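S.K.: This is run.pdb, which holds PDB, C-alpha atoms:
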ATOM      1  CA  MET A   1       4.854  23.072   2.749  1.00  0.00           C
ATOM      2  CA  ILE A   2       4.626  19.615   1.208  1.00  0.00           C
ATOM      3  CA  ARG A   3       7.974  18.340  -0.090  1.00  0.00           C
ATOM      4  CA  ALA A   4       7.181  14.620  -0.322  1.00  0.00           C
ATOM      5  CA  ILE A   5       4.135  12.572  -1.291  1.00  0.00           C
ATOM      6  CA  ILE A   6       4.080   9.003  -0.027  1.00  0.00           C
ATOM      7  CA  PHE A   7       1.793   6.501  -1.745  1.00  0.00           C
ATOM      8  CA  ASP A   8       0.299   3.283  -0.453  1.00  0.00           C
ATOM      9  CA  CYS A   9       0.472   0.404  -2.909  1.00  0.00           C
ATOM     10  CA  PHE A  10      -2.578  -1.851  -2.655  1.00  0.00           C
ATOM     11  CA  GLY A  11      -5.806   0.052  -3.204  1.00  0.00           C
ATOM     12  CA  VAL A  12      -3.990   3.129  -4.530  1.00  0.00           C
ATOM     13  CA  LEU A  13      -1.227   2.286  -7.024  1.00  0.00           C
ATOM     14  CA  VAL A  14      -2.674  -1.169  -7.787  1.00  0.00           C
ATOM     15  CA  LYS A  15      -5.898  -3.013  -7.011  1.00  0.00           C
ATOM     16  CA  ASP A  16      -6.031  -4.283  -3.426  1.00  0.00           C
ATOM     17  CA  HIS A  17      -5.604  -8.042  -3.778  1.00  0.00           C
ATOM     18  CA  ALA A  18      -6.233  -8.765  -0.085  1.00  0.00           C
ATOM     19  CA  SER A  19      -9.729  -7.292  -0.376  1.00  0.00           C
ATOM     20  CA  VAL A  20     -10.386  -9.425  -3.440  1.00  0.00           C
ATOM     21  CA  VAL A  21      -9.267 -12.576  -1.601  1.00  0.00           C
ATOM     22  CA  LYS A  22     -11.284 -11.615   1.482  1.00  0.00           C
ATOM     23  CA  GLU A  23     -14.481 -11.055  -0.521  1.00  0.00           C
ATOM     24  CA  LYS A  24     -14.050 -14.050  -2.821  1.00  0.00           C
ATOM     25  CA  TYR A  25     -13.322 -16.650  -0.138  1.00  0.00           C
ATOM     26  CA  PHE A  26     -14.415 -15.271   3.231  1.00  0.00           C
ATOM     27  CA  SER A  27     -17.400 -12.975   2.699  1.00  0.00           C
ATOM     28  CA  ASP A  28     -19.863 -15.360   4.367  1.00  0.00           C
ATOM     29  CA  ASN A  29     -17.833 -16.468   7.382  1.00  0.00           C
ATOM     30  CA  LEU A  30     -16.816 -13.778   9.864  1.00  0.00           C
ATOM     31  CA  ASP A  31     -14.478 -16.096  11.798  1.00  0.00           C
ATOM     32  CA  ASP A  32     -12.591 -17.144   8.663  1.00  0.00           C
ATOM     33  CA  ARG A  33     -12.528 -13.525   7.508  1.00  0.00           C
ATOM     34  CA  ALA A  34     -10.972 -12.467  10.826  1.00  0.00           C
ATOM     35  CA  GLU A  35      -8.455 -15.325  10.619  1.00  0.00           C
ATOM     36  CA  PHE A  36      -7.525 -14.280   7.065  1.00  0.00           C
ATOM     37  CA  GLN A  37      -7.013 -10.692   8.207  1.00  0.00           C
ATOM     38  CA  GLU A  38      -4.780 -11.879  11.044  1.00  0.00           C
ATOM     39  CA  LEU A  39      -2.729 -14.075   8.679  1.00  0.00           C
ATOM     40  CA  ASN A  40      -2.348 -11.143   6.285  1.00  0.00           C
ATOM     41  CA  ARG A  41      -1.340  -8.824   9.152  1.00  0.00           C
ATOM     42  CA  ARG A  42       1.276 -11.314  10.386  1.00  0.00           C
ATOM     43  CA  SER A  43       2.665 -11.714   6.893  1.00  0.00           C
ATOM     44  CA  CYS A  44       2.855  -7.942   6.384  1.00  0.00           C
ATOM     45  CA  LYS A  45       4.776  -7.724   9.641  1.00  0.00           C
ATOM     46  CA  GLY A  46       7.271 -10.324   8.435  1.00  0.00           C
ATOM     47  CA  GLU A  47       6.088 -13.002  10.862  1.00  0.00           C
ATOM     48  CA  LEU A  48       4.939 -15.323   8.033  1.00  0.00           C
ATOM     49  CA  SER A  49       6.710 -15.757   4.711  1.00  0.00           C
ATOM     50  CA  TRP A  50       4.818 -15.195   1.462  1.00  0.00           C
ATOM     51  CA  SER A  51       4.684 -18.955   0.800  1.00  0.00           C
ATOM     52  CA  GLU A  52       3.465 -19.610   4.349  1.00  0.00           C
ATOM     53  CA  LEU A  53       0.728 -17.016   3.872  1.00  0.00           C
ATOM     54  CA  LEU A  54      -0.400 -18.606   0.602  1.00  0.00           C
ATOM     55  CA  THR A  55      -0.436 -22.079   2.186  1.00  0.00           C
ATOM     56  CA  GLU A  56      -2.374 -20.932   5.270  1.00  0.00           C
ATOM     57  CA  VAL A  57      -4.933 -18.952   3.245  1.00  0.00           C
ATOM     58  CA  ALA A  58      -5.429 -21.842   0.793  1.00  0.00           C
ATOM     59  CA  GLU A  59      -6.041 -24.192   3.704  1.00  0.00           C
ATOM     60  CA  LEU A  60      -8.464 -21.748   5.323  1.00  0.00           C
ATOM     61  CA  ALA A  61     -10.347 -21.292   2.018  1.00  0.00           C
ATOM     62  CA  SER A  62     -10.204 -25.028   1.167  1.00  0.00           C
ATOM     63  CA  VAL A  63      -8.706 -24.352  -2.259  1.00  0.00           C
ATOM     64  CA  SER A  64      -5.323 -24.960  -3.854  1.00  0.00           C
ATOM     65  CA  VAL A  65      -2.302 -22.784  -3.204  1.00  0.00           C
ATOM     66  CA  SER A  66      -2.111 -22.050  -6.943  1.00  0.00           C
ATOM     67  CA  GLU A  67      -5.681 -20.695  -6.924  1.00  0.00           C
ATOM     68  CA  ILE A  68      -4.893 -18.400  -3.990  1.00  0.00           C
ATOM     69  CA  ARG A  69      -1.643 -17.281  -5.645  1.00  0.00           C
ATOM     70  CA  GLU A  70      -3.527 -16.483  -8.865  1.00  0.00           C
ATOM     71  CA  THR A  71      -6.109 -14.428  -6.946  1.00  0.00           C
ATOM     72  CA  PHE A  72      -3.405 -12.569  -5.016  1.00  0.00           C
ATOM     73  CA  ASP A  73      -1.489 -11.907  -8.250  1.00  0.00           C
ATOM     74  CA  ASN A  74      -4.408 -10.102  -9.904  1.00  0.00           C
ATOM     75  CA  ASN A  75      -3.194  -6.528  -9.314  1.00  0.00           C
ATOM     76  CA  PRO A  76      -4.011  -4.211 -12.205  1.00  0.00           C
ATOM     77  CA  ARG A  77      -2.000  -0.991 -12.034  1.00  0.00           C
ATOM     78  CA  ASN A  78      -3.590   2.427 -11.616  1.00  0.00           C
ATOM     79  CA  ASN A  79      -1.938   3.789 -14.764  1.00  0.00           C
ATOM     80  CA  GLU A  80      -3.815   7.082 -14.616  1.00  0.00           C
ATOM     81  CA  LEU A  81      -2.304   7.790 -11.193  1.00  0.00           C
ATOM     82  CA  LEU A  82       1.140   6.520 -12.171  1.00  0.00           C
ATOM     83  CA  ASP A  83       1.155   8.801 -15.245  1.00  0.00           C
ATOM     84  CA  PHE A  84       0.111  11.751 -13.071  1.00  0.00           C
ATOM     85  CA  ILE A  85       2.942  10.981 -10.652  1.00  0.00           C
ATOM     86  CA  ALA A  86       5.434  10.806 -13.539  1.00  0.00           C
ATOM     87  CA  HIS A  87       4.375  13.988 -15.330  1.00  0.00           C
ATOM     88  CA  ASP A  88       2.939  16.243 -12.623  1.00  0.00           C
ATOM     89  CA  LEU A  89       4.248  15.183  -9.210  1.00  0.00           C
ATOM     90  CA  LYS A  90       7.762  13.788  -9.705  1.00  0.00           C
ATOM     91  CA  PRO A  91       9.125  17.106 -11.020  1.00  0.00           C
ATOM     92  CA  LYS A  92       7.878  18.910  -7.872  1.00  0.00           C
ATOM     93  CA  TYR A  93       8.068  16.408  -4.985  1.00  0.00           C
ATOM     94  CA  LYS A  94      10.011  13.518  -3.576  1.00  0.00           C
ATOM     95  CA  ILE A  95       7.875  10.440  -4.113  1.00  0.00           C
ATOM     96  CA  GLY A  96       7.695   7.685  -1.515  1.00  0.00           C
ATOM     97  CA  PHE A  97       6.145   4.243  -1.447  1.00  0.00           C
ATOM     98  CA  LEU A  98       4.878   2.847   1.877  1.00  0.00           C
ATOM     99  CA  SER A  99       3.022  -0.437   1.936  1.00  0.00           C
ATOM    100  CA  ASN A 100       1.874  -3.056   4.377  1.00  0.00           C
ATOM    101  CA  ALA A 101       3.239  -5.867   2.239  1.00  0.00           C
ATOM    102  CA  SER A 102       3.972  -9.546   2.744  1.00  0.00           C
ATOM    103  CA  THR A 103       6.719  -9.711   0.155  1.00  0.00           C
ATOM    104  CA  ASP A 104       8.497  -7.534  -2.370  1.00  0.00           C
ATOM    105  CA  HIS A 105       6.055  -7.437  -5.305  1.00  0.00           C
ATOM    106  CA  VAL A 106       7.369  -4.113  -6.566  1.00  0.00           C
ATOM    107  CA  HIS A 107       9.267  -5.545  -9.543  1.00  0.00           C
ATOM    108  CA  GLU A 108       6.305  -7.748 -10.497  1.00  0.00           C
ATOM    109  CA  LEU A 109       3.691  -5.014 -10.188  1.00  0.00           C
ATOM    110  CA  PHE A 110       5.456  -2.108 -11.895  1.00  0.00           C
ATOM    111  CA  THR A 111       7.604  -1.472 -14.939  1.00  0.00           C
ATOM    112  CA  PRO A 112      11.222  -0.422 -14.385  1.00  0.00           C
ATOM    113  CA  GLU A 113      10.269   3.132 -15.416  1.00  0.00           C
ATOM    114  CA  GLN A 114       7.455   3.204 -12.841  1.00  0.00           C
ATOM    115  CA  ILE A 115       9.746   1.914 -10.093  1.00  0.00           C
ATOM    116  CA  LYS A 116      12.144   4.784 -10.826  1.00  0.00           C
ATOM    117  CA  LEU A 117       9.354   7.223  -9.878  1.00  0.00           C
ATOM    118  CA  PHE A 118       9.872   6.346  -6.216  1.00  0.00           C
ATOM    119  CA  ASP A 119      12.727   7.918  -4.305  1.00  0.00           C
ATOM    120  CA  ASP A 120      12.317   5.317  -1.578  1.00  0.00           C
ATOM    121  CA  VAL A 121      10.278   2.171  -0.930  1.00  0.00           C
ATOM    122  CA  VAL A 122       9.300   1.059   2.591  1.00  0.00           C
ATOM    123  CA  LEU A 123       7.758  -2.414   2.796  1.00  0.00           C
ATOM    124  CA  SER A 124       6.360  -3.419   6.166  1.00  0.00           C
ATOM    125  CA  TYR A 125       7.589  -6.999   6.174  1.00  0.00           C
ATOM    126  CA  GLN A 126      11.180  -5.753   5.740  1.00  0.00           C
ATOM    127  CA  VAL A 127      11.017  -3.288   8.641  1.00  0.00           C
ATOM    128  CA  HIS A 128       8.818  -5.509  10.874  1.00  0.00           C
ATOM    129  CA  MET A 129       6.164  -2.910  11.546  1.00  0.00           C
ATOM    130  CA  ILE A 130       2.885  -2.055   9.868  1.00  0.00           C
ATOM    131  CA  LYS A 131       0.718   0.987   9.438  1.00  0.00           C
ATOM    132  CA  PRO A 132      -0.588   2.612  11.606  1.00  0.00           C
ATOM    133  CA  ASN A 133       2.519   2.197  13.799  1.00  0.00           C
ATOM    134  CA  PRO A 134       3.851   5.773  14.160  1.00  0.00           C
ATOM    135  CA  LYS A 135       7.418   4.559  13.642  1.00  0.00           C
ATOM    136  CA  ILE A 136       6.780   3.415  10.063  1.00  0.00           C
ATOM    137  CA  TYR A 137       5.618   6.894   9.013  1.00  0.00           C
ATOM    138  CA  LYS A 138       8.640   8.463  10.685  1.00  0.00           C
ATOM    139  CA  LEU A 139      10.909   5.988   8.911  1.00  0.00           C
ATOM    140  CA  ALA A 140       9.354   6.814   5.523  1.00  0.00           C
ATOM    141  CA  ALA A 141       9.945  10.557   6.064  1.00  0.00           C
ATOM    142  CA  GLU A 142      13.473   9.971   7.350  1.00  0.00           C
ATOM    143  CA  ARG A 143      14.415   7.833   4.349  1.00  0.00           C
ATOM    144  CA  LEU A 144      13.122  10.570   2.032  1.00  0.00           C
ATOM    145  CA  ASN A 145      15.254  13.063   4.007  1.00  0.00           C
ATOM    146  CA  VAL A 146      12.316  15.367   4.798  1.00  0.00           C
ATOM    147  CA  GLU A 147      10.578  16.417   7.982  1.00  0.00           C
ATOM    148  CA  ILE A 148       7.468  14.430   8.808  1.00  0.00           C
ATOM    149  CA  THR A 149       5.427  17.653   8.619  1.00  0.00           C
ATOM    150  CA  GLU A 150       6.547  18.047   4.999  1.00  0.00           C
ATOM    151  CA  CYS A 151       4.947  14.739   3.968  1.00  0.00           C
ATOM    152  CA  LEU A 152       1.566  13.848   2.535  1.00  0.00           C
ATOM    153  CA  LEU A 153       0.368  10.246   2.763  1.00  0.00           C
ATOM    154  CA  VAL A 154      -2.052   8.932   0.138  1.00  0.00           C
ATOM    155  CA  ASP A 155      -3.735   5.731   1.308  1.00  0.00           C
ATOM    156  CA  ASN A 156      -7.082   4.035   0.711  1.00  0.00           C
ATOM    157  CA  SER A 157      -7.432   3.317   4.453  1.00  0.00           C
ATOM    158  CA  ALA A 158      -8.803   6.160   6.583  1.00  0.00           C
ATOM    159  CA  ARG A 159      -7.237   4.447   9.601  1.00  0.00           C
ATOM    160  CA  TYR A 160      -3.768   4.600   8.084  1.00  0.00           C
ATOM    161  CA  VAL A 161      -4.214   8.213   6.994  1.00  0.00           C
ATOM    162  CA  GLU A 162      -5.314   9.070  10.526  1.00  0.00           C
ATOM    163  CA  GLY A 163      -2.197   7.330  11.856  1.00  0.00           C
ATOM    164  CA  ALA A 164      -0.037   9.472   9.578  1.00  0.00           C
ATOM    165  CA  GLU A 165      -1.847  12.632  10.606  1.00  0.00           C
ATOM    166  CA  ASN A 166      -1.322  11.740  14.278  1.00  0.00           C
ATOM    167  CA  VAL A 167       2.456  12.002  13.769  1.00  0.00           C
ATOM    168  CA  GLY A 168       2.288  15.264  11.805  1.00  0.00           C
ATOM    169  CA  MET A 169       1.852  14.233   8.185  1.00  0.00           C
ATOM    170  CA  ARG A 170      -0.961  15.464   6.042  1.00  0.00           C
ATOM    171  CA  GLY A 171      -3.164  12.819   4.470  1.00  0.00           C
ATOM    172  CA  ILE A 172      -5.580  12.035   1.686  1.00  0.00           C
ATOM    173  CA  VAL A 173      -7.861   9.004   1.718  1.00  0.00           C
ATOM    174  CA  TYR A 174      -7.741   7.703  -1.862  1.00  0.00           C
ATOM    175  CA  ARG A 175     -11.127   6.776  -3.390  1.00  0.00           C
ATOM    176  CA  SER A 176     -10.619   7.677  -7.056  1.00  0.00           C
ATOM    177  CA  PHE A 177      -8.125   9.499  -9.216  1.00  0.00           C
ATOM    178  CA  ASP A 178     -10.345  12.569  -9.681  1.00  0.00           C
ATOM    179  CA  GLN A 179     -11.087  12.806  -5.955  1.00  0.00           C
ATOM    180  CA  PHE A 180      -7.362  12.493  -5.163  1.00  0.00           C
ATOM    181  CA  ARG A 181      -6.400  15.204  -7.662  1.00  0.00           C
ATOM    182  CA  ASN A 182      -9.052  17.572  -6.249  1.00  0.00           C
ATOM    183  CA  ASP A 183      -7.962  16.896  -2.659  1.00  0.00           C
ATOM    184  CA  LEU A 184      -4.326  17.434  -3.613  1.00  0.00           C
ATOM    185  CA  GLU A 185      -5.177  20.837  -5.133  1.00  0.00           C
ATOM    186  CA  LYS A 186      -6.865  21.796  -1.841  1.00  0.00           C
ATOM    187  CA  CYS A 187      -3.738  20.743   0.102  1.00  0.00           C
ATOM    188  CA  ASN A 188      -1.600  23.025  -2.039  1.00  0.00           C
ATOM    189  CA  ALA A 189      -4.002  25.995  -1.904  1.00  0.00           C
TER
END
Mind converting the file's structure to C-alpha cells?

M.R.:
Amino acid sequence: MIRAIIFDCFGVLVKDHASVVKEKYFSDNLDDRAEFQELNRRSCKGELSWSELLTEVAELASVSVSEIRETFDNNPRNNELLDFIAHDLKPKYKIGFLSNASTDHVHELFTPEQIKLFDDVVLSYQVHMIKPNPKIYKLAAERLNVEITECLLVDNSARYVEGAENVGMRGIVYRSFDQFRNDLEKCNA
C-alpha cells in the first residue's frame, strides 16, 4: 500500500533548468556537454557551491555569469500538478520532495502554500549524495516515517525511478500530467 508519494523537482514540479542550459549552450559540443553534466553533478553533491557552478558554467559557455544565472532561474512551475497534489494527494498521502539540487531553490520556486504541501524536503547537496544512490531513497522514506516499500517516486528520469525501484519503492516516470495521473490510478488499482 502506498502511504507516501515523493516528487522530484526539476522536470516534474518545475521545468528542468539544467536541460535548458545544456541544450542552449552545449548542444553542439559533446565534450563541453559532458563537462557541464559533471559540474552539475558535483554541485548537486555539494562539492561545488551554487556560485562556483554558475562561474564554471559561464566560463565553459563563454558567456557572463548573469546570463547563466538568468537561464538557470527560468523554472516555470507545474501548477496543474501542484494543484492536484494539494487537492487530491495531500489529503491521502504523505508528500515528499527529493531533488538532485545544487542549492536550496525551494523558497524561490514555490509559494509558501506550495511549500507546505511537502512533509519533508531532501536536497542532494545538503546530504552529499545524489540519485540514484540507494541511500538517498532510504533517507527520504525514513524522514517521512514510512517503510521504503510504502513509497512511490515520481521522477522524469527513468534511471532515477529504476534506482528507487531497486530499493523497494514503486516508481512513475513523469512525462506529462495526464500520463502521471493515469499511471497513478494503475498503481492504486

S.K.: Translate the PyMOL selection byres ((chain A and resi 57-64) around 9) into a concrete residue list for this structure, as a VMD selection string.

M.R.: chain A and resid 25 to 26 32 35 to 36 39 to 40 52 to 56 65 to 69

S.K.: Of the residues A:Gln37, A:Gln114, A:Ser176, A:Thr149, which is the one nearest to A:Phe97, using all atoms listed in the file?

M.R.: A:Gln114

S.K.: Quick one, how far is atom CA of A:His17 from atom CA of A:Thr71?

M.R.: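 Interatomic distance here is 7.1 Å.
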
S.K.: What is the distance between atom CA of A:Met1 and atom CA of A:Ser124, in Å to one decimal?

M.R.: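 These atoms are spaced 26.8 Å apart.
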
S.K.: Name the residues that the PyMOL selection byres ((chain A and resi 129) around 12) picks from the file above, as a PDB file with C-alpha atoms, keeping the file's coordinate frame, using the file's chain letters and numbers.

M.R.:
ATOM      1  CA  ARG A  41      -1.340  -8.824   9.152  1.00  0.00           C
ATOM      2  CA  ARG A  42       1.276 -11.314  10.386  1.00  0.00           C
ATOM      3  CA  SER A  43       2.665 -11.714   6.893  1.00  0.00           C
ATOM      4  CA  CYS A  44       2.855  -7.942   6.384  1.00  0.00           C
ATOM      5  CA  LYS A  45       4.776  -7.724   9.641  1.00  0.00           C
ATOM      6  CA  GLY A  46       7.271 -10.324   8.435  1.00  0.00           C
ATOM      7  CA  GLU A  47       6.088 -13.002  10.862  1.00  0.00           C
ATOM      8  CA  LEU A  98       4.878   2.847   1.877  1.00  0.00           C
ATOM      9  CA  SER A  99       3.022  -0.437   1.936  1.00  0.00           C
ATOM     10  CA  ASN A 100       1.874  -3.056   4.377  1.00  0.00           C
ATOM     11  CA  ALA A 101       3.239  -5.867   2.239  1.00  0.00           C
ATOM     12  CA  SER A 102       3.972  -9.546   2.744  1.00  0.00           C
ATOM     13  CA  VAL A 122       9.300   1.059   2.591  1.00  0.00           C
ATOM     14  CA  LEU A 123       7.758  -2.414   2.796  1.00  0.00           C
ATOM     15  CA  SER A 124       6.360  -3.419   6.166  1.00  0.00           C
ATOM     16  CA  TYR A 125       7.589  -6.999   6.174  1.00  0.00           C
ATOM     17  CA  GLN A 126      11.180  -5.753   5.740  1.00  0.00           C
ATOM     18  CA  VAL A 127      11.017  -3.288   8.641  1.00  0.00           C
ATOM     19  CA  HIS A 128       8.818  -5.509  10.874  1.00  0.00           C
ATOM     20  CA  ILE A 130       2.885  -2.055   9.868  1.00  0.00           C
ATOM     21  CA  LYS A 131       0.718   0.987   9.438  1.00  0.00           C
ATOM     22  CA  PRO A 132      -0.588   2.612  11.606  1.00  0.00           C
ATOM     23  CA  ASN A 133       2.519   2.197  13.799  1.00  0.00           C
ATOM     24  CA  PRO A 134       3.851   5.773  14.160  1.00  0.00           C
ATOM     25  CA  LYS A 135       7.418   4.559  13.642  1.00  0.00           C
ATOM     26  CA  ILE A 136       6.780   3.415  10.063  1.00  0.00           C
ATOM     27  CA  TYR A 137       5.618   6.894   9.013  1.00  0.00           C
ATOM     28  CA  LYS A 138       8.640   8.463  10.685  1.00  0.00           C
ATOM     29  CA  LEU A 139      10.909   5.988   8.911  1.00  0.00           C
ATOM     30  CA  ALA A 140       9.354   6.814   5.523  1.00  0.00           C
TER      31      ALA A 140
END

S.K.: Taking (-5.8, 7.9, -13.1) as a centre in this file's frame and 10 Å as the limit, can you find every polymer residue with an atom that close, using all atoms listed in the file, and give them as an MDAnalysis selection string?

M.R.: chainID A and resid 12:13 77:85 176:178 180:181

S.K.: Specify as a list in words each residue included when the PyMOL selection byres ((chain A and resi 117) around 8) is applied to this file.

M.R.: Ile85, Ala86, Lys90, Ile95, Glu113, Gln114, Ile115, Lys116, Phe118 and Asp119 of chain A

S.K.: Need the shell around A:Glu165: protein/DNA/RNA residues with any atom at most 10 Å away, counting only C-alpha atoms. Skip same-chain ones fewer than 4 positions apart. Format as a list in words?

M.R.: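 Surrounding residues, per the criterion: Pro134, Tyr137, Ile148, Thr149, Cys151, Leu152, Leu153, Arg159, Tyr160, Val161, Met169, Arg170, Gly171 and Ile172 of chain A.
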
S.K.: Around all listed atoms of stretch 56-69 of chain A, padded 6 Å per side, what centre and edge lengths does the axis-aligned box have in Å to one decimal, as lines of an AutoDock Vina configuration file?

M.R.:
center_x = -6.0
center_y = -21.2
center_z = -0.8
size_x = 20.7
size_y = 19.7
size_z = 24.3

S.K.: I'd like the interatomic distance between atom CA of A:Arg143 and atom CA of A:Ser19, to a tenth of an Å.

M.R.: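 Atom-to-atom, atom CA of A:Arg143 and atom CA of A:Ser19 are spaced 28.9 Å apart.
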
S.K.: Which of these residues is nearest to A:Ser157, using all atoms listed in the file: A:Lys92, A:His105, A:Arg3, A:Arg175?

M.R.: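 Nearest to A:Ser157: A:Arg175.
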
S.K.: Would you kindly place all heavy atoms on stretch 64-73 of chain A and return the model as an mmCIF file, in the frame of the given file?

M.R.:
data_model
loop_
_atom_site.group_PDB
_atom_site.id
_atom_site.type_symbol
_atom_site.label_atom_id
_atom_site.label_comp_id
_atom_site.auth_asym_id
_atom_site.auth_seq_id
_atom_site.Cartn_x
_atom_site.Cartn_y
_atom_site.Cartn_z
ATOM 1 N N SER A 64 -6.748 -24.713 -3.624
ATOM 2 C CA SER A 64 -5.323 -24.960 -3.854
ATOM 3 C C SER A 64 -4.496 -23.688 -3.649
ATOM 4 O O SER A 64 -5.003 -22.573 -3.785
ATOM 5 C CB SER A 64 -5.106 -25.478 -5.281
ATOM 6 O OG SER A 64 -5.357 -24.444 -6.214
ATOM 7 N N VAL A 65 -3.236 -23.897 -3.353
ATOM 8 C CA VAL A 65 -2.302 -22.784 -3.204
ATOM 9 C C VAL A 65 -2.211 -22.014 -4.521
ATOM 10 O O VAL A 65 -2.156 -20.782 -4.531
ATOM 11 C CB VAL A 65 -0.908 -23.278 -2.746
ATOM 12 C CG1 VAL A 65 0.121 -22.166 -2.800
ATOM 13 C CG2 VAL A 65 -0.994 -23.859 -1.334
ATOM 14 N N SER A 66 -2.217 -22.730 -5.645
ATOM 15 C CA SER A 66 -2.111 -22.050 -6.943
ATOM 16 C C SER A 66 -3.319 -21.152 -7.198
ATOM 17 O O SER A 66 -3.173 -20.062 -7.774
ATOM 18 C CB SER A 66 -1.919 -23.042 -8.090
ATOM 19 O OG SER A 66 -3.015 -23.919 -8.169
ATOM 20 N N GLU A 67 -4.502 -21.552 -6.758
ATOM 21 C CA GLU A 67 -5.681 -20.695 -6.924
ATOM 22 C C GLU A 67 -5.551 -19.425 -6.082
ATOM 23 O O GLU A 67 -5.859 -18.322 -6.542
ATOM 24 C CB GLU A 67 -6.960 -21.448 -6.535
ATOM 25 C CG GLU A 67 -8.213 -20.624 -6.745
ATOM 26 C CD GLU A 67 -9.502 -21.380 -6.456
ATOM 27 O OE1 GLU A 67 -9.529 -22.623 -6.601
ATOM 28 O OE2 GLU A 67 -10.499 -20.720 -6.080
ATOM 29 N N ILE A 68 -5.085 -19.576 -4.850
ATOM 30 C CA ILE A 68 -4.893 -18.400 -3.990
ATOM 31 C C ILE A 68 -3.819 -17.498 -4.576
ATOM 32 O O ILE A 68 -3.979 -16.275 -4.631
ATOM 33 C CB ILE A 68 -4.534 -18.825 -2.544
ATOM 34 C CG1 ILE A 68 -5.752 -19.467 -1.867
ATOM 35 C CG2 ILE A 68 -4.016 -17.639 -1.729
ATOM 36 C CD1 ILE A 68 -6.947 -18.551 -1.684
ATOM 37 N N ARG A 69 -2.721 -18.082 -5.046
ATOM 38 C CA ARG A 69 -1.643 -17.281 -5.645
ATOM 39 C C ARG A 69 -2.171 -16.495 -6.844
ATOM 40 O O ARG A 69 -1.889 -15.309 -6.993
ATOM 41 C CB ARG A 69 -0.480 -18.171 -6.079
ATOM 42 C CG ARG A 69 0.663 -17.374 -6.709
ATOM 43 C CD ARG A 69 1.852 -18.230 -7.131
ATOM 44 N NE ARG A 69 2.581 -18.674 -5.961
ATOM 45 C CZ ARG A 69 2.650 -19.938 -5.540
ATOM 46 N NH1 ARG A 69 2.033 -20.895 -6.204
ATOM 47 N NH2 ARG A 69 3.338 -20.259 -4.474
ATOM 48 N N GLU A 70 -2.960 -17.150 -7.680
ATOM 49 C CA GLU A 70 -3.527 -16.483 -8.865
ATOM 50 C C GLU A 70 -4.436 -15.312 -8.458
ATOM 51 O O GLU A 70 -4.392 -14.242 -9.060
ATOM 52 C CB GLU A 70 -4.308 -17.489 -9.702
ATOM 53 C CG GLU A 70 -4.824 -16.928 -11.002
ATOM 54 C CD GLU A 70 -5.535 -17.995 -11.823
ATOM 55 O OE1 GLU A 70 -4.947 -19.077 -12.031
ATOM 56 O OE2 GLU A 70 -6.670 -17.737 -12.239
ATOM 57 N N THR A 71 -5.231 -15.500 -7.419
ATOM 58 C CA THR A 71 -6.109 -14.428 -6.946
ATOM 59 C C THR A 71 -5.287 -13.281 -6.370
ATOM 60 O O THR A 71 -5.550 -12.113 -6.653
ATOM 61 C CB THR A 71 -7.109 -14.958 -5.895
ATOM 62 O OG1 THR A 71 -7.821 -16.069 -6.454
ATOM 63 C CG2 THR A 71 -8.107 -13.881 -5.501
ATOM 64 N N PHE A 72 -4.280 -13.601 -5.575
ATOM 65 C CA PHE A 72 -3.405 -12.569 -5.016
ATOM 66 C C PHE A 72 -2.651 -11.820 -6.118
ATOM 67 O O PHE A 72 -2.377 -10.633 -5.987
ATOM 68 C CB PHE A 72 -2.377 -13.172 -4.048
ATOM 69 C CG PHE A 72 -2.777 -13.133 -2.599
ATOM 70 C CD1 PHE A 72 -3.082 -14.303 -1.917
ATOM 71 C CD2 PHE A 72 -2.821 -11.942 -1.899
ATOM 72 C CE1 PHE A 72 -3.430 -14.280 -0.578
ATOM 73 C CE2 PHE A 72 -3.166 -11.902 -0.561
ATOM 74 C CZ PHE A 72 -3.474 -13.076 0.097
ATOM 75 N N ASP A 73 -2.295 -12.514 -7.189
ATOM 76 C CA ASP A 73 -1.489 -11.907 -8.250
ATOM 77 C C ASP A 73 -2.275 -11.025 -9.205
ATOM 78 O O ASP A 73 -1.694 -10.415 -10.097
ATOM 79 C CB ASP A 73 -0.760 -12.992 -9.056
ATOM 80 C CG ASP A 73 0.394 -13.602 -8.284
ATOM 81 O OD1 ASP A 73 0.794 -13.017 -7.254
ATOM 82 O OD2 ASP A 73 0.878 -14.665 -8.704
#
